[in-house]
>>> print(open('data-v8.txt').read())   # compact mmCIF, N, CA, C and O atoms
# COMPACT_ATOMS: atom_id res chain seq x y z
N MET A 1 15.20 -23.57 -22.57
CA MET A 1 16.48 -22.95 -22.83
C MET A 1 16.92 -23.36 -24.24
O MET A 1 16.96 -24.54 -24.56
N SER A 2 17.25 -22.40 -25.06
CA SER A 2 17.63 -22.66 -26.45
C SER A 2 19.08 -23.14 -26.55
O SER A 2 19.87 -23.02 -25.61
N LYS A 3 19.43 -23.68 -27.73
CA LYS A 3 20.82 -24.09 -27.98
C LYS A 3 21.77 -22.91 -27.81
O LYS A 3 22.87 -23.07 -27.29
N ILE A 4 21.33 -21.73 -28.26
CA ILE A 4 22.19 -20.55 -28.15
C ILE A 4 22.39 -20.18 -26.68
O ILE A 4 23.51 -19.90 -26.26
N THR A 5 21.33 -20.20 -25.90
CA THR A 5 21.45 -19.89 -24.47
C THR A 5 22.37 -20.90 -23.78
O THR A 5 23.25 -20.52 -23.01
N LYS A 6 22.18 -22.16 -24.10
CA LYS A 6 23.02 -23.22 -23.51
C LYS A 6 24.48 -23.08 -23.93
O LYS A 6 25.37 -23.46 -23.18
N SER A 7 24.71 -22.55 -25.13
CA SER A 7 26.08 -22.45 -25.65
C SER A 7 26.97 -21.52 -24.83
O SER A 7 28.20 -21.58 -24.95
N ALA A 8 26.38 -20.68 -24.00
CA ALA A 8 27.17 -19.72 -23.21
C ALA A 8 28.00 -20.42 -22.13
O ALA A 8 29.06 -19.92 -21.75
N LYS A 9 27.53 -21.56 -21.68
CA LYS A 9 28.22 -22.25 -20.59
C LYS A 9 29.67 -22.55 -20.95
O LYS A 9 29.96 -23.16 -21.97
N GLY A 10 30.59 -22.09 -20.11
CA GLY A 10 32.00 -22.36 -20.29
C GLY A 10 32.72 -21.45 -21.28
O GLY A 10 33.92 -21.61 -21.50
N GLN A 11 32.00 -20.50 -21.88
CA GLN A 11 32.61 -19.58 -22.84
C GLN A 11 33.37 -18.47 -22.11
O GLN A 11 33.15 -18.24 -20.92
N ASP A 12 34.22 -17.78 -22.83
CA ASP A 12 34.88 -16.59 -22.29
C ASP A 12 33.92 -15.41 -22.39
O ASP A 12 33.14 -15.30 -23.34
N CYS A 13 34.00 -14.51 -21.42
CA CYS A 13 33.19 -13.30 -21.43
C CYS A 13 33.56 -12.47 -22.65
O CYS A 13 34.74 -12.24 -22.93
N GLN A 14 32.55 -12.01 -23.38
CA GLN A 14 32.77 -11.19 -24.56
C GLN A 14 32.44 -9.71 -24.31
O GLN A 14 32.64 -8.88 -25.17
N ILE A 15 31.96 -9.40 -23.11
CA ILE A 15 31.66 -8.00 -22.76
C ILE A 15 32.93 -7.32 -22.25
O ILE A 15 33.23 -6.19 -22.63
N ARG A 16 33.65 -7.97 -21.37
CA ARG A 16 35.02 -7.60 -20.98
C ARG A 16 35.17 -6.20 -20.41
O ARG A 16 36.06 -5.44 -20.81
N LEU A 17 34.34 -5.82 -19.48
CA LEU A 17 34.44 -4.49 -18.87
C LEU A 17 35.69 -4.42 -17.98
O LEU A 17 35.82 -5.15 -17.00
N TYR A 18 36.61 -3.52 -18.34
CA TYR A 18 37.85 -3.35 -17.59
C TYR A 18 37.54 -2.98 -16.14
O TYR A 18 36.74 -2.08 -15.87
N GLY A 19 38.15 -3.70 -15.21
CA GLY A 19 37.94 -3.44 -13.79
C GLY A 19 36.68 -4.06 -13.23
O GLY A 19 36.40 -3.95 -12.03
N VAL A 20 35.89 -4.70 -14.07
CA VAL A 20 34.63 -5.33 -13.64
C VAL A 20 34.66 -6.84 -13.94
O VAL A 20 34.32 -7.64 -13.09
N CYS A 21 35.08 -7.20 -15.14
CA CYS A 21 35.04 -8.59 -15.62
C CYS A 21 35.78 -9.52 -14.66
O CYS A 21 36.88 -9.21 -14.22
N ASN A 22 35.15 -10.66 -14.35
CA ASN A 22 35.81 -11.63 -13.48
C ASN A 22 36.54 -12.72 -14.27
O ASN A 22 37.20 -13.57 -13.69
N PHE A 23 36.40 -12.73 -15.61
CA PHE A 23 37.10 -13.66 -16.50
C PHE A 23 36.90 -15.12 -16.12
O PHE A 23 37.75 -15.96 -16.40
N ASN A 24 35.76 -15.42 -15.51
CA ASN A 24 35.49 -16.79 -15.06
C ASN A 24 34.46 -17.43 -15.98
O ASN A 24 33.26 -17.13 -15.88
N PRO A 25 34.88 -18.35 -16.87
CA PRO A 25 33.95 -18.99 -17.80
C PRO A 25 32.82 -19.75 -17.10
O PRO A 25 31.77 -19.97 -17.69
N GLU A 26 33.02 -20.14 -15.85
CA GLU A 26 31.98 -20.87 -15.12
C GLU A 26 30.78 -19.98 -14.79
O GLU A 26 29.71 -20.50 -14.48
N THR A 27 30.95 -18.65 -14.87
CA THR A 27 29.85 -17.75 -14.54
C THR A 27 29.19 -17.14 -15.78
O THR A 27 28.29 -16.32 -15.66
N VAL A 28 29.64 -17.55 -16.97
CA VAL A 28 29.15 -16.93 -18.22
C VAL A 28 27.75 -17.42 -18.58
O VAL A 28 27.46 -18.62 -18.54
N VAL A 29 26.90 -16.46 -18.92
CA VAL A 29 25.55 -16.71 -19.42
C VAL A 29 25.33 -15.84 -20.65
O VAL A 29 26.14 -14.97 -20.96
N LEU A 30 24.22 -16.05 -21.34
CA LEU A 30 23.87 -15.21 -22.48
C LEU A 30 23.16 -13.97 -21.95
O LEU A 30 22.09 -14.07 -21.35
N CYS A 31 23.75 -12.80 -22.16
CA CYS A 31 23.21 -11.53 -21.69
C CYS A 31 22.50 -10.84 -22.84
O CYS A 31 23.15 -10.36 -23.78
N HIS A 32 21.18 -10.81 -22.79
CA HIS A 32 20.38 -10.25 -23.87
C HIS A 32 20.41 -8.72 -23.85
O HIS A 32 20.44 -8.11 -22.79
N LEU A 33 20.39 -8.14 -25.05
CA LEU A 33 20.22 -6.69 -25.16
C LEU A 33 18.84 -6.31 -24.67
O LEU A 33 17.91 -7.11 -24.74
N GLY A 34 18.70 -5.08 -24.21
CA GLY A 34 17.38 -4.59 -23.82
C GLY A 34 16.50 -4.41 -25.03
O GLY A 34 16.94 -4.55 -26.17
N GLY A 35 15.24 -4.13 -24.79
CA GLY A 35 14.34 -3.87 -25.91
C GLY A 35 13.32 -4.96 -26.12
O GLY A 35 12.50 -4.89 -27.03
N GLY A 36 13.33 -5.98 -25.28
CA GLY A 36 12.36 -7.05 -25.41
C GLY A 36 11.01 -6.68 -24.83
O GLY A 36 10.03 -7.37 -25.04
N GLY A 37 10.95 -5.57 -24.11
CA GLY A 37 9.70 -5.16 -23.48
C GLY A 37 9.64 -5.65 -22.04
O GLY A 37 10.47 -6.45 -21.60
N MET A 38 8.66 -5.17 -21.32
CA MET A 38 8.50 -5.51 -19.91
C MET A 38 8.36 -7.02 -19.72
O MET A 38 7.46 -7.63 -20.28
N GLY A 39 9.29 -7.61 -18.99
CA GLY A 39 9.24 -9.03 -18.70
C GLY A 39 9.63 -9.92 -19.87
O GLY A 39 9.51 -11.12 -19.78
N ALA A 40 10.10 -9.33 -20.98
CA ALA A 40 10.47 -10.11 -22.16
C ALA A 40 11.95 -9.87 -22.48
O ALA A 40 12.51 -8.84 -22.10
N LYS A 41 12.53 -10.80 -23.17
CA LYS A 41 13.93 -10.66 -23.59
C LYS A 41 13.97 -10.52 -25.10
O LYS A 41 13.10 -11.00 -25.81
N SER A 42 15.04 -9.90 -25.57
CA SER A 42 15.24 -9.83 -27.02
C SER A 42 15.64 -11.22 -27.52
O SER A 42 15.90 -12.14 -26.75
N HIS A 43 15.71 -11.37 -28.83
CA HIS A 43 16.07 -12.65 -29.44
C HIS A 43 17.47 -13.07 -29.01
O HIS A 43 18.33 -12.23 -28.75
N ASP A 44 17.69 -14.37 -28.95
CA ASP A 44 18.99 -14.90 -28.51
C ASP A 44 20.16 -14.44 -29.36
O ASP A 44 21.27 -14.33 -28.86
N ILE A 45 19.95 -14.15 -30.65
CA ILE A 45 21.08 -13.69 -31.46
C ILE A 45 21.49 -12.27 -31.08
O ILE A 45 22.51 -11.78 -31.52
N HIS A 46 20.69 -11.63 -30.23
CA HIS A 46 21.03 -10.30 -29.72
C HIS A 46 21.50 -10.40 -28.28
O HIS A 46 21.18 -9.57 -27.43
N GLY A 47 22.30 -11.42 -28.02
CA GLY A 47 22.87 -11.62 -26.69
C GLY A 47 24.37 -11.75 -26.78
O GLY A 47 24.93 -12.10 -27.82
N ALA A 48 25.02 -11.46 -25.67
CA ALA A 48 26.48 -11.58 -25.58
C ALA A 48 26.83 -12.57 -24.48
O ALA A 48 26.18 -12.60 -23.44
N TYR A 49 27.87 -13.36 -24.70
CA TYR A 49 28.38 -14.20 -23.63
C TYR A 49 29.00 -13.25 -22.60
O TYR A 49 29.91 -12.49 -22.90
N GLY A 50 28.47 -13.27 -21.38
CA GLY A 50 28.96 -12.36 -20.35
C GLY A 50 29.10 -13.03 -19.01
O GLY A 50 28.24 -13.82 -18.60
N CYS A 51 30.18 -12.71 -18.31
CA CYS A 51 30.39 -13.24 -16.96
C CYS A 51 29.38 -12.60 -16.01
O CYS A 51 28.74 -11.59 -16.33
N SER A 52 29.27 -13.16 -14.83
CA SER A 52 28.29 -12.66 -13.86
C SER A 52 28.56 -11.21 -13.47
O SER A 52 27.62 -10.43 -13.28
N SER A 53 29.82 -10.82 -13.40
CA SER A 53 30.15 -9.45 -13.01
C SER A 53 29.78 -8.44 -14.09
O SER A 53 29.19 -7.39 -13.81
N CYS A 54 30.11 -8.75 -15.34
CA CYS A 54 29.73 -7.85 -16.45
C CYS A 54 28.22 -7.82 -16.61
O CYS A 54 27.64 -6.75 -16.86
N HIS A 55 27.56 -8.96 -16.44
CA HIS A 55 26.10 -9.02 -16.54
C HIS A 55 25.45 -8.13 -15.48
O HIS A 55 24.52 -7.37 -15.78
N ASP A 56 25.93 -8.21 -14.26
CA ASP A 56 25.40 -7.35 -13.19
C ASP A 56 25.59 -5.88 -13.53
O ASP A 56 24.70 -5.06 -13.29
N ALA A 57 26.74 -5.54 -14.11
CA ALA A 57 27.02 -4.14 -14.46
C ALA A 57 26.09 -3.64 -15.57
O ALA A 57 25.49 -2.57 -15.45
N ILE A 58 25.95 -4.41 -16.65
CA ILE A 58 25.13 -3.92 -17.76
C ILE A 58 23.65 -3.90 -17.42
O ILE A 58 22.90 -3.10 -17.97
N ASP A 59 23.23 -4.75 -16.47
CA ASP A 59 21.83 -4.76 -16.04
C ASP A 59 21.56 -3.76 -14.92
O ASP A 59 20.44 -3.64 -14.45
N GLY A 60 22.61 -3.06 -14.46
CA GLY A 60 22.43 -2.03 -13.45
C GLY A 60 22.28 -2.54 -12.03
O GLY A 60 21.83 -1.81 -11.15
N ARG A 61 22.65 -3.79 -11.79
CA ARG A 61 22.53 -4.35 -10.43
C ARG A 61 23.67 -3.92 -9.53
O ARG A 61 23.56 -4.03 -8.30
N VAL A 62 24.78 -3.44 -10.14
CA VAL A 62 25.91 -2.92 -9.37
C VAL A 62 26.35 -1.59 -9.98
O VAL A 62 26.16 -1.35 -11.17
N SER A 63 26.92 -0.75 -9.16
CA SER A 63 27.44 0.54 -9.65
C SER A 63 28.85 0.35 -10.20
O SER A 63 29.63 -0.45 -9.67
N THR A 64 29.15 1.07 -11.27
CA THR A 64 30.49 1.04 -11.86
C THR A 64 30.89 2.46 -12.22
O THR A 64 30.09 3.40 -12.10
N ILE A 65 32.10 2.60 -12.72
CA ILE A 65 32.58 3.91 -13.18
C ILE A 65 32.05 4.24 -14.57
O ILE A 65 32.23 5.35 -15.05
N TYR A 66 31.38 3.29 -15.20
CA TYR A 66 30.94 3.45 -16.58
C TYR A 66 29.59 4.16 -16.68
O TYR A 66 28.68 3.91 -15.89
N SER A 67 29.48 5.01 -17.70
CA SER A 67 28.19 5.65 -17.99
C SER A 67 27.26 4.61 -18.61
O SER A 67 27.71 3.56 -19.09
N ARG A 68 25.98 4.90 -18.61
CA ARG A 68 25.00 4.00 -19.23
C ARG A 68 25.36 3.77 -20.71
O ARG A 68 25.27 2.65 -21.21
N GLU A 69 25.78 4.82 -21.39
CA GLU A 69 26.14 4.71 -22.80
C GLU A 69 27.36 3.81 -23.00
O GLU A 69 27.41 3.01 -23.94
N SER A 70 28.34 3.92 -22.11
CA SER A 70 29.54 3.09 -22.21
C SER A 70 29.20 1.62 -21.96
O SER A 70 29.73 0.73 -22.63
N LEU A 71 28.31 1.37 -21.03
CA LEU A 71 27.87 0.00 -20.76
C LEU A 71 27.13 -0.58 -21.95
O LEU A 71 27.35 -1.73 -22.34
N GLN A 72 26.28 0.23 -22.56
CA GLN A 72 25.54 -0.23 -23.74
C GLN A 72 26.50 -0.52 -24.90
O GLN A 72 26.34 -1.53 -25.61
N LEU A 73 27.49 0.32 -25.10
CA LEU A 73 28.47 0.10 -26.16
C LEU A 73 29.24 -1.20 -25.92
O LEU A 73 29.42 -2.01 -26.83
N ALA A 74 29.69 -1.41 -24.69
CA ALA A 74 30.43 -2.64 -24.36
C ALA A 74 29.55 -3.87 -24.61
O ALA A 74 30.03 -4.89 -25.13
N HIS A 75 28.27 -3.75 -24.27
CA HIS A 75 27.35 -4.86 -24.48
C HIS A 75 27.18 -5.13 -25.99
O HIS A 75 27.26 -6.28 -26.44
N HIS A 76 26.98 -4.08 -26.77
CA HIS A 76 26.84 -4.24 -28.22
C HIS A 76 28.11 -4.85 -28.84
O HIS A 76 28.02 -5.71 -29.72
N GLU A 77 29.27 -4.38 -28.41
CA GLU A 77 30.52 -4.95 -28.91
C GLU A 77 30.61 -6.43 -28.54
O GLU A 77 31.08 -7.25 -29.33
N GLY A 78 30.16 -6.78 -27.33
CA GLY A 78 30.13 -8.18 -26.90
C GLY A 78 29.20 -9.02 -27.75
O GLY A 78 29.50 -10.17 -28.06
N VAL A 79 28.07 -8.43 -28.15
CA VAL A 79 27.13 -9.14 -29.03
C VAL A 79 27.81 -9.46 -30.36
O VAL A 79 27.70 -10.58 -30.87
N ILE A 80 28.52 -8.50 -30.91
CA ILE A 80 29.20 -8.72 -32.20
C ILE A 80 30.24 -9.83 -32.07
O ILE A 80 30.30 -10.74 -32.90
N ARG A 81 31.04 -9.80 -31.01
CA ARG A 81 32.04 -10.86 -30.81
C ARG A 81 31.36 -12.22 -30.61
O ARG A 81 31.82 -13.24 -31.12
N THR A 82 30.25 -12.22 -29.87
CA THR A 82 29.52 -13.45 -29.61
C THR A 82 28.91 -14.00 -30.89
O THR A 82 28.93 -15.21 -31.13
N GLN A 83 28.38 -13.14 -31.74
CA GLN A 83 27.80 -13.59 -33.00
C GLN A 83 28.86 -14.29 -33.87
O GLN A 83 28.57 -15.29 -34.52
N LEU A 84 30.08 -13.77 -33.87
CA LEU A 84 31.15 -14.44 -34.61
C LEU A 84 31.41 -15.84 -34.05
O LEU A 84 31.60 -16.80 -34.81
N LEU A 85 31.41 -15.96 -32.73
CA LEU A 85 31.60 -17.27 -32.11
C LEU A 85 30.44 -18.20 -32.45
O LEU A 85 30.64 -19.39 -32.72
N MET A 86 29.22 -17.67 -32.46
CA MET A 86 28.05 -18.48 -32.81
C MET A 86 28.13 -18.98 -34.25
O MET A 86 27.75 -20.11 -34.54
N LEU A 87 28.61 -18.12 -35.15
CA LEU A 87 28.81 -18.54 -36.55
C LEU A 87 29.81 -19.68 -36.62
O LEU A 87 29.57 -20.69 -37.29
N GLU A 88 30.92 -19.54 -35.91
CA GLU A 88 31.95 -20.58 -35.90
C GLU A 88 31.43 -21.90 -35.32
O GLU A 88 31.85 -22.97 -35.75
N GLN A 89 30.52 -21.81 -34.35
CA GLN A 89 29.96 -23.00 -33.71
C GLN A 89 28.79 -23.58 -34.49
O GLN A 89 28.25 -24.63 -34.12
N GLY A 90 28.38 -22.90 -35.56
CA GLY A 90 27.25 -23.38 -36.36
C GLY A 90 25.90 -23.14 -35.72
O GLY A 90 24.90 -23.73 -36.12
N LEU A 91 25.86 -22.26 -34.72
CA LEU A 91 24.59 -21.97 -34.03
C LEU A 91 23.72 -21.00 -34.84
O LEU A 91 22.49 -21.01 -34.71
N ILE A 92 24.36 -20.15 -35.62
CA ILE A 92 23.64 -19.27 -36.53
C ILE A 92 24.32 -19.36 -37.90
O ILE A 92 25.49 -19.72 -37.99
N LYS A 93 23.55 -19.05 -38.94
CA LYS A 93 24.09 -19.13 -40.30
C LYS A 93 23.70 -17.87 -41.05
O LYS A 93 22.67 -17.27 -40.79
N ILE A 94 24.54 -17.54 -42.02
CA ILE A 94 24.26 -16.37 -42.87
C ILE A 94 23.78 -16.88 -44.21
O ILE A 94 24.29 -17.80 -44.77
>>> encode(input="data-v8.txt", output="structure tokens")
Amino acid sequence: MSKITKSAKGQDCQIRLYGVCNFNPETVVLCHLGGGGMGAKSHDIHGAYGCSSCHDAIDGRVSTIYSRESLQLAHHEGVIRTQLLMLEQGLIKI
């Protein structure tokens, strides 16, 4: 588990799906964007801090009112917010 993956523990959810998010920092993990290939994950800098409920929604484990495109957009927006937090924490540098 990388420093970035570990950094998700106790963070606020950055995906924030209205009507889905449980706002519980105890359930937050790093939710990787798709595109890593079968059985692989994308790089950790392409992840968003997400609660268990938002993670289930973006991974398609639960049904929501959101279209696939809306879920992807929320995930991408969460990645951007998470990257700012990672910069502030010194986990990534420009």
>>> residues_near_point(input="data-v8.txt", point="(27.9, -13.4, -31.7)", cutoff="10 Å", atoms="only C-alpha atoms", output="ChimeraX atom specification")
/A:4,14,44-49,76-88,91-92
>>> closest_residue(input="data-v8.txt", among="A:Ile65, A:Ile58, A:Cys51, A:Leu71", to="A:Cys21", atoms="only C-alpha atoms")
A:Cys51
>>> residues_around(input="data-v8.txt", residues="A:Ser52", least_positions_apart="6", cutoff="6 Å", atoms="only N, CA, C and O atoms", output="compact mmCIF listing (two decimals) with N, CA, C and O atoms, keeping the file's coordinate frame")
# COMPACT_ATOMS: atom_id res chain seq x y z
N ASN A 24 35.76 -15.42 -15.51
CA ASN A 24 35.49 -16.79 -15.06
C ASN A 24 34.46 -17.43 -15.98
O ASN A 24 33.26 -17.13 -15.88
N THR A 27 30.95 -18.65 -14.87
CA THR A 27 29.85 -17.75 -14.54
C THR A 27 29.19 -17.14 -15.78
O THR A 27 28.29 -16.32 -15.66
N VAL A 28 29.64 -17.55 -16.97
CA VAL A 28 29.15 -16.93 -18.22
C VAL A 28 27.75 -17.42 -18.58
O VAL A 28 27.46 -18.62 -18.54
N VAL A 29 26.90 -16.46 -18.92
CA VAL A 29 25.55 -16.71 -19.42
C VAL A 29 25.33 -15.84 -20.65
O VAL A 29 26.14 -14.97 -20.96
>>> select_by_dssp(input="data-v8.txt", residues="chain A", states="helix (DSSP H, G or I)", output="number ranges by chain")
A: 3-6, 25-27, 44-46, 52-58, 68-89
>>> axis_aligned_box(input="data-v8.txt", around="stretch 5-10 of chain A", padding_each_side="3 Å", output="AutoDock Vina command-line options")
--center_x 27.6 --center_y -21.6 --center_z -23.0 --size_x 18.6 --size_y 9.7 --size_z 11.8
>>> atom_distance(input="data-v8.txt", atom1="atom CA of A:Arg61", atom2="atom CA of A:Leu73")
17.4 Å
>>> residues_near_point(input="data-v8.txt", point="(34.9, -11.8, -22.0)", cutoff="7 Å", atoms="only N, CA, C and O atoms", output="mmCIF file with N, CA, C and O atoms, in the frame of the given file")
data_model
loop_
_atom_site.group_PDB
_atom_site.id
_atom_site.type_symbol
_atom_site.label_atom_id
_atom_site.label_comp_id
_atom_site.auth_asym_id
_atom_site.auth_seq_id
_atom_site.Cartn_x
_atom_site.Cartn_y
_atom_site.Cartn_z
ATOM 1 N N GLN A 11 32.000 -20.500 -21.880
ATOM 2 C CA GLN A 11 32.610 -19.580 -22.840
ATOM 3 C C GLN A 11 33.370 -18.470 -22.110
ATOM 4 O O GLN A 11 33.150 -18.240 -20.920
ATOM 5 N N ASP A 12 34.220 -17.780 -22.830
ATOM 6 C CA ASP A 12 34.880 -16.590 -22.290
ATOM 7 C C ASP A 12 33.920 -15.410 -22.390
ATOM 8 O O ASP A 12 33.140 -15.300 -23.340
ATOM 9 N N CYS A 13 34.000 -14.510 -21.420
ATOM 10 C CA CYS A 13 33.190 -13.300 -21.430
ATOM 11 C C CYS A 13 33.560 -12.470 -22.650
ATOM 12 O O CYS A 13 34.740 -12.240 -22.930
ATOM 13 N N GLN A 14 32.550 -12.010 -23.380
ATOM 14 C CA GLN A 14 32.770 -11.190 -24.560
ATOM 15 C C GLN A 14 32.440 -9.710 -24.310
ATOM 16 O O GLN A 14 32.640 -8.880 -25.170
ATOM 17 N N ILE A 15 31.960 -9.400 -23.110
ATOM 18 C CA ILE A 15 31.660 -8.000 -22.760
ATOM 19 C C ILE A 15 32.930 -7.320 -22.250
ATOM 20 O O ILE A 15 33.230 -6.190 -22.630
ATOM 21 N N ARG A 16 33.650 -7.970 -21.370
ATOM 22 C CA ARG A 16 35.020 -7.600 -20.980
ATOM 23 C C ARG A 16 35.170 -6.200 -20.410
ATOM 24 O O ARG A 16 36.060 -5.440 -20.810
ATOM 25 N N LEU A 17 34.340 -5.820 -19.480
ATOM 26 C CA LEU A 17 34.440 -4.490 -18.870
ATOM 27 C C LEU A 17 35.690 -4.420 -17.980
ATOM 28 O O LEU A 17 35.820 -5.150 -17.000
ATOM 29 N N PHE A 23 36.400 -12.730 -15.610
ATOM 30 C CA PHE A 23 37.100 -13.660 -16.500
ATOM 31 C C PHE A 23 36.900 -15.120 -16.120
ATOM 32 O O PHE A 23 37.750 -15.960 -16.400
ATOM 33 N N TYR A 49 27.870 -13.360 -24.700
ATOM 34 C CA TYR A 49 28.380 -14.200 -23.630
ATOM 35 C C TYR A 49 29.000 -13.250 -22.600
ATOM 36 O O TYR A 49 29.910 -12.490 -22.900
ATOM 37 N N GLY A 50 28.470 -13.270 -21.380
ATOM 38 C CA GLY A 50 28.960 -12.360 -20.350
ATOM 39 C C GLY A 50 29.100 -13.030 -19.010
ATOM 40 O O GLY A 50 28.240 -13.820 -18.600
ATOM 41 N N CYS A 51 30.180 -12.710 -18.310
ATOM 42 C CA CYS A 51 30.390 -13.240 -16.960
ATOM 43 C C CYS A 51 29.380 -12.600 -16.010
ATOM 44 O O CYS A 51 28.740 -11.590 -16.330
#
>>> atom_distance(input="data-v8.txt", atom1="atom CA of A:Val62", atom2="atom N of A:Asn22")
13.0 Å
>>> select_by_dssp(input="data-v8.txt", residues="chain A", states="strand (DSSP E or B)", output="ChimeraX atom specification")
/A:29-32,47-50
>>> atom_distance(input="data-v8.txt", atom1="atom CA of A:Gly90", atom2="atom CA of A:Glu26")
21.9 Å
>>> closest_residue(input="data-v8.txt", among="A:Gln72, A:His55, A:Gly60, A:Leu30", to="A:Ser7", atoms="all atoms listed in the file")
A:Leu30
>>> closest_residue(input="data-v8.txt", among="A:His43, A:Gln89, A:Pro25, A:Leu33", to="A:Lys9", atoms="all atoms listed in the file")
A:Pro25
>>> decode(input="data-v8.txt", residues="stretch 43-50 of chain A", atoms="all heavy atoms", output="JSON list (two decimals), in the first residue's frame")
[["chain", "number", "residue", "atom", "x", "y", "z"],
["A", 43, "HIS", "N", -2.66, 4.67, -11.91],
["A", 43, "HIS", "CA", -1.71, 5.22, -10.95],
["A", 43, "HIS", "C", -2.44, 5.89, -9.80],
["A", 43, "HIS", "O", -3.54, 6.43, -9.98],
["A", 43, "HIS", "CB", -0.80, 6.23, -11.67],
["A", 43, "HIS", "CG", 0.40, 6.59, -10.88],
["A", 43, "HIS", "ND1", 0.36, 7.49, -9.83],
["A", 43, "HIS", "CD2", 1.68, 6.18, -10.97],
["A", 43, "HIS", "CE1", 1.57, 7.62, -9.32],
["A", 43, "HIS", "NE2", 2.40, 6.83, -10.00],
["A", 44, "ASP", "N", -1.83, 5.89, -8.63],
["A", 44, "ASP", "CA", -2.45, 6.48, -7.44],
["A", 44, "ASP", "C", -2.79, 7.96, -7.59],
["A", 44, "ASP", "O", -3.73, 8.43, -6.97],
["A", 44, "ASP", "CB", -1.57, 6.28, -6.21],
["A", 44, "ASP", "CG", -1.58, 4.85, -5.70],
["A", 44, "ASP", "OD1", -2.44, 4.06, -6.15],
["A", 44, "ASP", "OD2", -0.73, 4.53, -4.85],
["A", 45, "ILE", "N", -2.04, 8.71, -8.40],
["A", 45, "ILE", "CA", -2.38, 10.12, -8.56],
["A", 45, "ILE", "C", -3.66, 10.30, -9.36],
["A", 45, "ILE", "O", -4.20, 11.39, -9.45],
["A", 45, "ILE", "CB", -1.23, 10.96, -9.18],
["A", 45, "ILE", "CG1", -0.90, 10.50, -10.59],
["A", 45, "ILE", "CG2", -0.02, 10.96, -8.28],
["A", 45, "ILE", "CD1", 0.00, 11.46, -11.33],
["A", 46, "HIS", "N", -4.17, 9.21, -9.93],
["A", 46, "HIS", "CA", -5.44, 9.23, -10.64],
["A", 46, "HIS", "C", -6.53, 8.59, -9.80],
["A", 46, "HIS", "O", -7.39, 7.86, -10.29],
["A", 46, "HIS", "CB", -5.32, 8.52, -11.99],
["A", 46, "HIS", "CG", -4.35, 9.18, -12.90],
["A", 46, "HIS", "ND1", -3.42, 8.48, -13.61],
["A", 46, "HIS", "CD2", -4.15, 10.48, -13.19],
["A", 46, "HIS", "CE1", -2.68, 9.32, -14.31],
["A", 46, "HIS", "NE2", -3.10, 10.55, -14.06],
["A", 47, "GLY", "N", -6.50, 8.89, -8.52],
["A", 47, "GLY", "CA", -7.50, 8.38, -7.59],
["A", 47, "GLY", "C", -8.14, 9.51, -6.82],
["A", 47, "GLY", "O", -7.56, 10.60, -6.67],
["A", 48, "ALA", "N", -9.33, 9.26, -6.33],
["A", 48, "ALA", "CA", -10.06, 10.24, -5.52],
["A", 48, "ALA", "C", -10.35, 9.65, -4.16],
["A", 48, "ALA", "O", -10.65, 8.46, -4.04],
["A", 48, "ALA", "CB", -11.38, 10.62, -6.20],
["A", 49, "TYR", "N", -10.27, 10.47, -3.12],
["A", 49, "TYR", "CA", -10.71, 10.04, -1.81],
["A", 49, "TYR", "C", -12.23, 9.87, -1.90],
["A", 49, "TYR", "O", -12.95, 10.82, -2.20],
["A", 49, "TYR", "CB", -10.38, 11.08, -0.75],
["A", 49, "TYR", "CG", -8.91, 11.32, -0.49],
["A", 49, "TYR", "CD1", -8.48, 12.54, -0.02],
["A", 49, "TYR", "CD2", -7.95, 10.32, -0.69],
["A", 49, "TYR", "CE1", -7.13, 12.78, 0.25],
["A", 49, "TYR", "CE2", -6.61, 10.55, -0.43],
["A", 49, "TYR", "CZ", -6.21, 11.78, 0.04],
["A", 49, "TYR", "OH", -4.88, 12.02, 0.31],
["A", 50, "GLY", "N", -12.71, 8.66, -1.67],
["A", 50, "GLY", "CA", -14.14, 8.40, -1.78],
["A", 50, "GLY", "C", -14.66, 7.52, -0.67],
["A", 50, "GLY", "O", -14.01, 6.55, -0.29]]
